[in-house]
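Peer 1: Input my_file_5.cif, format and content: mmCIF, C-alpha atoms.
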data_my_file
#
loop_
_atom_site.label_atom_id
_atom_site.label_comp_id
_atom_site.auth_asym_id
_atom_site.auth_seq_id
_atom_site.Cartn_x
_atom_site.Cartn_y
_atom_site.Cartn_z
CA MET A 39 56.35 93.53 19.30
CA LYS A 40 58.73 90.69 18.62
CA ASN A 41 58.12 87.26 20.07
CA LYS A 42 60.48 86.82 22.99
CA VAL A 43 63.00 84.68 21.18
CA ILE A 44 66.41 85.98 22.12
CA THR A 45 69.48 85.06 20.15
CA ILE A 46 72.87 85.72 21.68
CA ALA A 47 76.00 85.71 19.58
CA ARG A 48 79.17 86.34 21.50
CA GLN A 49 82.90 86.72 21.32
CA TYR A 50 84.70 83.85 23.00
CA GLY A 51 85.39 84.67 26.64
CA SER A 52 82.91 87.56 26.80
CA GLY A 53 80.54 85.78 29.18
CA GLY A 54 77.75 85.75 26.59
CA ARG A 55 76.66 82.27 27.60
CA GLU A 56 76.37 83.19 31.29
CA ILE A 57 74.43 86.32 30.32
CA GLY A 58 72.07 84.19 28.23
CA GLU A 59 71.49 81.74 31.08
CA LYS A 60 70.73 84.54 33.51
CA LEU A 61 68.36 86.23 31.05
CA ALA A 62 66.50 82.97 30.44
CA LYS A 63 66.18 82.43 34.17
CA LYS A 64 64.86 85.93 34.79
CA LEU A 65 62.40 85.61 31.91
CA HIS A 66 61.39 82.05 32.87
CA ILE A 67 62.03 80.77 29.37
CA PRO A 68 64.20 77.89 28.12
CA PHE A 69 67.87 78.31 27.33
CA HIS A 70 69.31 76.43 24.33
CA ASP A 71 72.95 75.97 23.47
CA LYS A 72 75.07 73.21 22.00
CA ASN A 73 72.55 70.57 22.99
CA ILE A 74 70.90 71.74 19.76
CA ILE A 75 73.42 69.77 17.76
CA GLU A 76 73.14 66.79 20.05
CA ARG A 77 69.37 66.82 19.56
CA ILE A 78 69.81 66.90 15.82
CA VAL A 79 72.17 63.98 15.79
CA LYS A 80 70.21 61.99 18.38
CA GLU A 81 66.56 62.77 17.74
CA LYS A 82 66.53 63.47 14.03
CA GLY A 83 68.67 60.42 13.38
CA TYR A 84 70.99 61.74 10.77
CA SER A 85 73.76 59.39 11.73
CA PRO A 86 72.65 56.07 10.19
CA GLU A 87 71.47 57.30 6.78
CA ILE A 88 74.10 59.85 6.08
CA LEU A 89 77.11 58.83 8.05
CA GLU A 90 77.42 55.55 6.11
CA GLN A 91 78.58 57.59 3.14
CA PHE A 92 81.70 58.29 5.07
CA ASP A 93 84.42 56.02 6.28
CA GLU A 94 84.56 55.40 9.96
CA ARG A 95 87.53 57.58 10.71
CA LYS A 96 86.10 60.60 8.99
CA SER A 97 82.74 60.18 10.68
CA GLN A 98 84.32 59.71 14.05
CA SER A 99 86.47 62.76 13.76
CA LEU A 100 83.43 64.73 12.64
CA LEU A 101 81.30 63.46 15.49
CA PHE A 102 84.15 64.18 17.83
CA SER A 103 84.26 67.73 16.50
CA LEU A 104 80.54 68.12 16.95
CA ALA A 105 80.61 66.62 20.40
CA MET A 106 83.49 68.83 21.41
CA ASN A 107 81.76 71.85 19.92
CA SER A 108 84.90 72.68 18.02
CA TYR A 109 83.65 73.52 14.56
CA GLY A 110 87.17 73.62 13.24
CA ASN A 111 87.13 73.35 9.49
CA TRP A 112 84.84 70.40 9.06
CA TYR A 113 82.06 72.35 7.40
CA ALA A 114 84.51 73.88 4.96
CA ASN A 115 86.04 70.53 4.08
CA ASP A 116 84.99 69.03 0.73
CA ASP A 117 84.95 65.50 2.13
CA TYR A 118 82.21 66.46 4.51
CA ARG A 119 80.16 68.68 2.21
CA PRO A 120 77.02 66.50 1.85
CA LEU A 121 77.03 65.62 5.53
CA GLN A 122 77.69 69.21 6.43
CA ALA A 123 74.73 70.45 4.40
CA ALA A 124 72.42 67.87 5.98
CA ILE A 125 73.51 68.64 9.52
CA LEU A 126 73.39 72.39 9.12
CA LYS A 127 69.97 72.16 7.47
CA ALA A 128 68.74 70.02 10.37
CA GLN A 129 70.23 72.45 12.85
CA ALA A 130 68.43 75.35 11.18
CA ASP A 131 65.17 73.38 11.28
CA VAL A 132 65.55 72.74 15.00
CA ILE A 133 66.24 76.43 15.65
CA LYS A 134 63.11 77.38 13.70
CA ILE A 135 61.02 74.96 15.74
CA MET A 136 62.52 76.17 19.01
CA ALA A 137 61.74 79.75 18.02
CA LEU A 138 58.02 79.01 17.88
CA ASN A 139 58.12 79.57 21.64
CA PRO A 140 59.96 82.16 23.72
CA CYS A 141 63.51 81.04 24.48
CA VAL A 142 67.15 82.09 24.56
CA ILE A 143 69.39 80.57 21.88
CA ILE A 144 73.15 80.89 22.18
CA GLY A 145 75.28 80.96 19.05
CA ARG A 146 74.56 78.61 16.11
CA ALA A 147 73.97 81.62 13.84
CA ALA A 148 70.40 81.55 15.14
CA ASP A 149 69.82 85.25 14.41
CA SER A 150 70.54 84.68 10.73
CA ILE A 151 68.44 81.52 10.54
CA LEU A 152 65.42 83.34 11.96
CA ASP A 153 63.87 86.38 10.31
CA SER A 154 64.84 89.63 11.98
CA ASP A 155 61.27 90.16 13.21
CA GLU A 156 61.23 86.70 14.78
CA CYS A 157 63.96 87.35 17.31
CA ILE A 158 65.74 89.92 19.43
CA SER A 159 69.36 89.61 18.33
CA ILE A 160 72.09 90.40 20.83
CA PHE A 161 75.87 90.35 20.46
CA VAL A 162 78.11 90.31 23.53
CA LYS A 163 81.72 91.43 23.30
CA ALA A 164 84.52 92.51 25.62
CA SER A 165 88.07 93.78 25.28
CA ASP A 166 90.77 91.23 24.49
CA GLU A 167 92.36 91.82 27.93
CA ASN A 168 89.08 91.20 29.67
CA ARG A 169 88.38 88.04 27.72
CA ILE A 170 91.86 86.60 28.09
CA ASP A 171 91.53 87.11 31.82
CA ARG A 172 88.17 85.34 31.90
CA ILE A 173 89.40 82.43 29.75
CA MET A 174 92.49 81.96 31.93
CA LYS A 175 90.37 81.80 35.07
CA ARG A 176 87.81 79.48 33.52
CA GLN A 177 90.22 77.06 31.84
CA GLY A 178 93.14 77.42 34.22
CA CYS A 179 95.41 77.99 31.21
CA SER A 180 98.27 80.37 30.37
CA GLU A 181 97.79 83.80 28.87
CA ALA A 182 99.21 82.64 25.55
CA GLU A 183 96.85 79.65 25.44
CA ALA A 184 93.89 81.85 26.31
CA GLU A 185 94.78 84.32 23.58
CA LYS A 186 95.17 81.54 21.03
CA ALA A 187 91.83 79.97 21.98
CA MET A 188 90.13 83.37 21.86
CA LYS A 189 91.39 84.19 18.39
CA SER A 190 90.75 80.79 16.85
CA THR A 191 87.28 80.39 18.37
CA ASP A 192 86.18 83.84 17.18
CA LYS A 193 87.50 83.00 13.72
CA ASP A 194 85.54 79.73 13.74
CA ARG A 195 82.38 81.46 14.90
CA ALA A 196 82.64 84.12 12.20
CA ARG A 197 83.29 81.42 9.58
CA PHE A 198 80.42 79.29 10.82
CA TYR A 199 78.09 82.30 10.70
CA GLN A 200 79.15 83.01 7.12
CA TYR A 201 77.86 79.59 6.13
CA TYR A 202 74.32 80.75 6.86
CA SER A 203 74.40 84.44 6.26
CA ASP A 204 75.44 87.32 4.03
CA LYS A 205 75.49 89.51 7.11
CA LYS A 206 78.68 89.83 9.13
CA TRP A 207 79.28 88.18 12.48
CA GLY A 208 80.27 90.87 14.98
CA SER A 209 79.12 93.83 12.89
CA ALA A 210 76.80 96.24 14.69
CA LYS A 211 74.68 96.18 11.55
CA THR A 212 73.79 92.53 12.14
CA TYR A 213 72.21 92.85 15.61
CA ASP A 214 69.48 94.74 17.44
CA ILE A 215 71.89 95.53 20.25
CA THR A 216 75.53 94.81 21.06
CA VAL A 217 77.13 95.38 24.43
CA ASP A 218 80.56 95.22 26.04
CA SER A 219 80.23 92.94 29.05
CA GLY A 220 83.67 93.93 30.30
CA VAL A 221 82.66 97.56 30.75
CA LEU A 222 79.42 96.74 32.58
CA GLY A 223 80.15 93.37 34.17
CA ILE A 224 77.88 90.33 33.72
CA ASP A 225 75.06 91.23 36.10
CA LYS A 226 74.67 94.79 34.91
CA THR A 227 74.73 93.59 31.31
CA VAL A 228 71.81 91.30 32.20
CA GLU A 229 70.09 94.25 33.86
CA LEU A 230 70.58 96.38 30.74
CA LEU A 231 69.19 93.67 28.47
CA MET A 232 66.17 93.16 30.74
CA PHE A 233 65.54 96.90 30.56
CA TYR A 234 65.89 96.73 26.77
CA MET A 235 63.37 93.88 26.60
CA ASN A 236 60.92 95.86 28.72
CA LEU A 237 61.34 98.90 26.48
CA LEU A 238 60.45 96.75 23.47
CA GLU A 239 57.21 95.75 25.14
CA LYS A 240 56.18 99.22 26.23
CA MET B 208 83.87 105.11 36.26
CA LYS B 209 84.43 106.82 32.94
CA ASN B 210 84.19 110.58 32.63
CA LYS B 211 80.86 111.40 31.03
CA VAL B 212 82.20 112.03 27.57
CA ILE B 213 79.89 110.32 25.15
CA THR B 214 80.89 109.69 21.57
CA ILE B 215 78.21 108.75 19.10
CA ALA B 216 79.06 107.24 15.75
CA ARG B 217 76.08 106.51 13.54
CA GLN B 218 74.93 105.15 10.25
CA TYR B 219 73.53 107.87 8.02
CA GLY B 220 69.79 108.24 8.55
CA SER B 221 69.74 106.31 11.83
CA GLY B 222 68.81 109.34 13.93
CA GLY B 223 72.10 109.19 15.84
CA ARG B 224 72.44 112.94 15.84
CA GLU B 225 68.96 113.47 17.29
CA ILE B 226 69.68 110.83 19.93
CA GLY B 227 72.91 112.61 20.83
CA GLU B 228 71.15 115.96 21.17
CA LYS B 229 68.48 114.47 23.41
CA LEU B 230 71.07 112.71 25.56
CA ALA B 231 73.07 115.91 25.97
CA LYS B 232 69.93 117.79 26.96
CA LYS B 233 68.92 115.17 29.54
CA LEU B 234 72.45 115.09 30.95
CA HIS B 235 72.82 118.89 30.86
CA ILE B 236 76.11 118.65 29.00
CA PRO B 237 77.25 120.29 25.73
CA PHE B 238 76.65 118.69 22.37
CA HIS B 239 79.37 118.94 19.69
CA ASP B 240 79.07 118.14 16.03
CA LYS B 241 80.39 119.57 12.80
CA ASN B 242 80.95 122.94 14.42
CA ILE B 243 84.15 121.21 15.58
CA ILE B 244 85.61 121.64 12.11
CA GLU B 245 84.38 125.19 11.90
CA ARG B 246 86.08 125.98 15.19
CA ILE B 247 89.32 124.51 13.94
CA VAL B 248 89.29 126.54 10.78
CA LYS B 249 88.11 129.72 12.48
CA GLU B 250 89.68 129.72 15.93
CA LYS B 251 92.90 127.85 15.33
CA GLY B 252 93.53 129.82 12.17
CA TYR B 253 94.81 127.12 9.95
CA SER B 254 93.62 128.86 6.83
CA PRO B 255 96.21 131.65 6.31
CA GLU B 256 99.38 129.68 7.08
CA ILE B 257 98.51 126.45 5.42
CA LEU B 258 96.03 127.25 2.75
CA GLU B 259 98.49 129.48 0.90
CA GLN B 260 100.33 126.32 -0.10
CA PHE B 261 97.41 125.51 -2.27
CA ASP B 262 96.01 127.27 -5.24
CA GLU B 263 92.74 129.07 -4.79
CA ARG B 264 90.57 126.60 -6.57
CA LYS B 265 91.84 123.64 -4.61
CA SER B 266 91.48 125.46 -1.32
CA GLN B 267 88.03 126.60 -2.15
CA SER B 268 86.86 123.16 -3.12
CA LEU B 269 88.33 121.80 0.09
CA LEU B 270 86.73 124.47 2.23
CA PHE B 271 83.52 123.86 0.40
CA SER B 272 83.80 120.16 1.22
CA LEU B 273 84.47 120.93 4.86
CA ALA B 274 81.65 123.44 5.04
CA MET B 275 79.26 121.03 3.38
CA ASN B 276 80.42 118.25 5.69
CA SER B 277 80.95 116.07 2.65
CA TYR B 278 84.27 114.48 3.33
CA GLY B 279 84.32 113.03 -0.14
CA ASN B 280 87.81 112.00 -1.06
CA TRP B 281 89.71 115.10 -0.10
CA TYR B 282 91.63 113.46 2.74
CA ALA B 283 92.67 110.63 0.44
CA ASN B 284 93.82 112.99 -2.31
CA ASP B 285 97.58 113.43 -2.61
CA ASP B 286 97.25 117.12 -3.49
CA TYR B 287 95.71 117.77 -0.12
CA ARG B 288 97.90 115.52 2.01
CA PRO B 289 99.80 118.19 4.04
CA LEU B 290 96.67 120.25 4.55
CA GLN B 291 94.73 117.12 5.37
CA ALA B 292 97.22 116.08 8.04
CA ALA B 293 97.18 119.54 9.62
CA ILE B 294 93.42 119.79 9.71
CA LEU B 295 92.88 116.28 11.03
CA LYS B 296 95.54 116.80 13.68
CA ALA B 297 93.86 120.05 14.73
CA GLN B 298 90.50 118.33 14.77
CA ALA B 299 91.87 115.59 17.04
CA ASP B 300 93.36 118.23 19.35
CA VAL B 301 90.03 120.01 19.63
CA ILE B 302 88.27 116.74 20.44
CA LYS B 303 90.82 115.99 23.16
CA ILE B 304 90.30 119.41 24.69
CA MET B 305 86.52 119.07 24.54
CA ALA B 306 86.77 115.70 26.26
CA LEU B 307 88.33 117.28 29.34
CA ASN B 308 84.73 118.08 30.32
CA PRO B 309 81.58 115.98 30.03
CA CYS B 310 79.97 116.34 26.60
CA VAL B 311 78.42 114.48 23.69
CA ILE B 312 80.50 114.36 20.50
CA ILE B 313 78.89 113.20 17.26
CA GLY B 314 81.00 111.49 14.63
CA ARG B 315 84.50 112.79 13.76
CA ALA B 316 86.00 109.46 14.81
CA ALA B 317 86.02 110.87 18.34
CA ASP B 318 85.93 107.42 19.97
CA SER B 319 89.18 106.49 18.25
CA ILE B 320 90.86 109.81 19.01
CA LEU B 321 90.11 109.42 22.72
CA ASP B 322 91.34 106.50 24.82
CA SER B 323 88.66 103.89 25.44
CA ASP B 324 88.61 104.77 29.15
CA GLU B 325 88.09 108.45 28.38
CA CYS B 326 84.70 108.04 26.72
CA ILE B 327 81.54 106.00 26.48
CA SER B 328 81.42 104.97 22.84
CA ILE B 329 78.05 104.44 21.22
CA PHE B 330 77.13 103.38 17.69
CA VAL B 331 73.60 103.92 16.37
CA LYS B 332 72.30 101.93 13.43
CA ALA B 333 69.00 101.02 11.83
CA SER B 334 67.80 98.84 8.96
CA ASP B 335 68.27 100.19 5.45
CA GLU B 336 64.47 100.44 5.01
CA ASN B 337 64.13 102.45 8.17
CA ARG B 338 66.96 104.80 7.25
CA ILE B 339 65.82 105.35 3.68
CA ASP B 340 62.42 106.26 5.03
CA ARG B 341 63.91 108.75 7.49
CA ILE B 342 66.20 110.32 4.86
CA MET B 343 63.32 110.70 2.39
CA LYS B 344 61.21 112.47 5.01
CA ARG B 345 64.07 114.68 6.16
CA GLN B 346 65.40 115.66 2.74
CA GLY B 347 62.19 115.43 0.77
CA CYS B 348 64.00 113.28 -1.80
CA SER B 349 63.20 110.13 -3.76
CA GLU B 350 63.84 106.60 -2.49
CA ALA B 351 66.67 106.15 -4.98
CA GLU B 352 68.33 109.40 -3.91
CA ALA B 353 67.98 108.49 -0.24
CA GLU B 354 69.54 105.07 -0.83
CA LYS B 355 72.42 106.61 -2.76
CA ALA B 356 73.08 109.21 -0.04
CA MET B 357 72.88 106.53 2.66
CA LYS B 358 75.41 104.26 0.99
CA SER B 359 77.88 106.96 0.01
CA THR B 360 77.76 108.72 3.37
CA ASP B 361 78.33 105.49 5.30
CA LYS B 362 81.24 104.70 3.00
CA ASP B 363 82.71 108.16 3.64
CA ARG B 364 82.28 107.81 7.38
CA ALA B 365 83.97 104.41 7.42
CA ARG B 366 86.81 105.75 5.30
CA PHE B 367 87.19 108.85 7.44
CA TYR B 368 87.29 106.67 10.57
CA GLN B 369 90.01 104.54 9.02
CA TYR B 370 92.22 107.60 8.77
CA TYR B 371 92.44 107.71 12.56
CA SER B 372 92.01 104.15 13.63
CA ASP B 373 92.94 100.51 13.16
CA LYS B 374 89.56 99.61 14.60
CA LYS B 375 86.61 99.20 12.30
CA TRP B 376 83.77 101.69 11.96
CA GLY B 377 80.49 99.88 12.60
CA SER B 378 82.02 96.76 14.18
CA ALA B 379 80.54 95.81 17.56
CA LYS B 380 84.12 95.33 18.71
CA THR B 381 84.81 99.06 18.38
CA TYR B 382 82.09 100.38 20.74
CA ASP B 383 80.87 100.01 24.31
CA ILE B 384 77.30 99.65 23.07
CA THR B 385 75.55 99.65 19.70
CA VAL B 386 71.81 99.90 19.23
CA ASP B 387 69.24 99.73 16.45
CA SER B 388 67.21 102.93 16.67
CA GLY B 389 64.66 101.58 14.20
CA VAL B 390 63.68 98.71 16.48
CA LEU B 391 63.31 100.92 19.57
CA GLY B 392 62.49 104.34 18.10
CA ILE B 393 64.43 107.49 18.99
CA ASP B 394 62.99 108.24 22.43
CA LYS B 395 63.28 104.71 23.75
CA THR B 396 66.85 104.54 22.43
CA VAL B 397 67.59 107.66 24.48
CA GLU B 398 65.90 106.01 27.48
CA LEU B 399 68.02 102.87 27.03
CA LEU B 400 71.23 104.89 26.81
CA MET B 401 70.30 106.91 29.91
CA PHE B 402 69.73 103.62 31.75
CA TYR B 403 73.09 102.38 30.46
CA MET B 404 74.81 105.52 31.71
CA ASN B 405 73.22 105.11 35.13
CA LEU B 406 74.35 101.47 35.29
CA LEU B 407 77.92 102.59 34.63
CA GLU B 408 77.73 104.92 37.62
CA LYS B 409 76.23 102.41 40.04
#
Mind turning the file's structure into structure tokens?
Peer 2:
Amino acid sequence: MKNKVITIARQYGSGGREIGEKLAKKLHIPFHDKNIIERIVKEKGYSPEILEQFDERKSQSLLFSLAMNSYGNWYANDDYRPLQAAILKAQADVIKIMALNPCVIIGRAADSILDSDECISIFVKASDENRIDRIMKRQGCSEAEAEKAMKSTDKDRARFYQYYSDKKWGSAKTYDITVDSGVLGIDKTVELLMFYMNLLEK
Amino acid sequence: MKNKVITIARQYGSGGREIGEKLAKKLHIPFHDKNIIERIVKEKGYSPEILEQFDERKSQSLLFSLAMNSYGNWYANDDYRPLQAAILKAQADVIKIMALNPCVIIGRAADSILDSDECISIFVKASDENRIDRIMKRQGCSEAEAEKAMKSTDKDRARFYQYYSDKKWGSAKTYDITVDSGVLGIDKTVELLMFYMNLLEK
């Protein structure tokens, strides 16, 4: 039986984060998301040693990107390559340490950083219509803006995943289970995943 | 709530067929697989009218391919294009008729032939190791032969799917739920899918 480390990858707007939070709560285990990167930058102190290689503007725009959780292209930009490698390596290290204990980790290519027998890997998706609707409600934006954000964020997530892995983000092959949260709704998706987890333990 | 038409696409050697049979049995609904093609050829009588356009050898090799369920390249071969179109159209028609009543349909791109709200679309996968092991046991063949069959059959299935659909065979995006039968085992995968079906009805 796998250690109860649950990784959740998700299409933007699919509610994967909310599902992860609810799972963690039901399982009484910690929930980790973008604070991973903040921990790396803050606790592991990469800023002073490495950031000095870069001029202030570049560093600031990078830190801004990190803080805003908008990967954009920074990790594919030659100017940032050494910094990128250091940060992504540190991020992978933090994920590996987190995974020593049961937890839920959202995004960050965690399933590809961990061995497949170290985690239960989940992918959450929903139809474009369903996601656009959710994004509009959450951000209070127009349909066109929601669609644009959806497409570009998914592209970024797939690209980010490719940095770590030969496997494909969003391919059924990559995960233990994938589920459409739009068909089931958030709470029933949580219920299904709890049932799945119990089956694994039986 | 969706009509209980369940389509199962599956990686070769993942046990998807066995899972489909068990689901159909538990749900007391019919199970359809490659006999679909046989029905088309036999009941809809495409052979006399259309096959006469082709010389005997070509027809025979095609019928042999169909009978052997080895799609190979016949549907991508220019010589067979008119016949191909007729047979695939007939196949789609049969699937649509079948889907008027609850049933389980294995493969045949059924999920892309039906509207997404007409069926519950499932994809079954497993690790390569797991599948090679299953194929070796089932066929009594060598590891190398099992690996070759696994890769070529998956390629054929993906290519066949592409004939009908813009969606991608094996992408989480394409299905309502995908599951690794190697992680859970066949019976627990059936149990999970039964639970899923019940959640959809609640």
Peer 1: Name the residues captured by the PyMOL selection byres ((chain B) within 9 of (chain A)) when it is applied to the shown file; answer as a list in words.
Peer 2: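 Those residues are Phe330, Val331, Lys332, Ala333, Ser334, Gly377, Ser378, Ala379, Lys380, Tyr382, Asp383, Ile384, Thr385, Val386, Asp387, Ser388, Gly389, Val390, Leu391, Lys395, Thr396, Glu398, Leu399, Phe402, Tyr403, Leu406 and Leu407 of chain B.
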Peer 1: In Å, how far is it from atom CA of Leu234 of chain B to atom CA of Asp318 of chain B?
Peer 2: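 So the answer is 19.0 Å.
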Peer 1: Please compute the atom CA of Asp192 of chain A-atom CA of Met232 of chain A distance, one decimal, in Å.
Peer 2: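 Distance between the two atoms: 25.9 Å.
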Peer 1: Evaluating the PyMOL selection byres ((chain B and resi 338) around 9) on the displayed file yields which residues, as a list in words?
Peer 2: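 Output from the PyMOL selection byres ((chain B and resi 338) around 9), applied to this file: Gln218, Tyr219, Gly220, Ser221, Gly222, Lys332, Ala333, Ser334, Asp335, Glu336, Asn337, Ile339, Asp340, Arg341, Ile342, Met343, Ala353, Glu354, Met357 and Gly389 of chain B.
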Peer 1: Do you know which residues are at most 9 Å from Gly58 of chain A counting all atoms listed in the file, after dropping those on the same chain fewer than 2 positions away, and could you put them as a list in words?
Peer 2: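 Neighbouring residues, sequence-local ones excluded: Ile44, Thr45, Ile46, Gly53, Gly54, Arg55, Glu56, Lys60, Leu61, Ala62, Lys63, Phe69, Val142, Ile143, Ile144 and Val228 of chain A.
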Peer 1: Please compute the atom CA of Asp153 of chain A-atom CA of Asn236 of chain A distance, one decimal, in Å.
Peer 2: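 Interatomic distance here is 20.9 Å.
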Peer 1: Using all atoms listed in the file and a cutoff of 6 Å, can you tell me which residues are near (75.0, 79.9, 12.7) in the file's coordinates, and write them out as a list in words?
Peer 2: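 Residues satisfying the cut-off, written out: Arg146, Ala147, Ala148, Phe198, Tyr199 and Tyr202 of chain A.
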Peer 1: Measuring between only C-alpha atoms, which one of A:Ala187, A:Cys179, A:Ile57, A:Ile151 shows the shortest distance to Ile133 of chain A?
Peer 2: A:Ile151
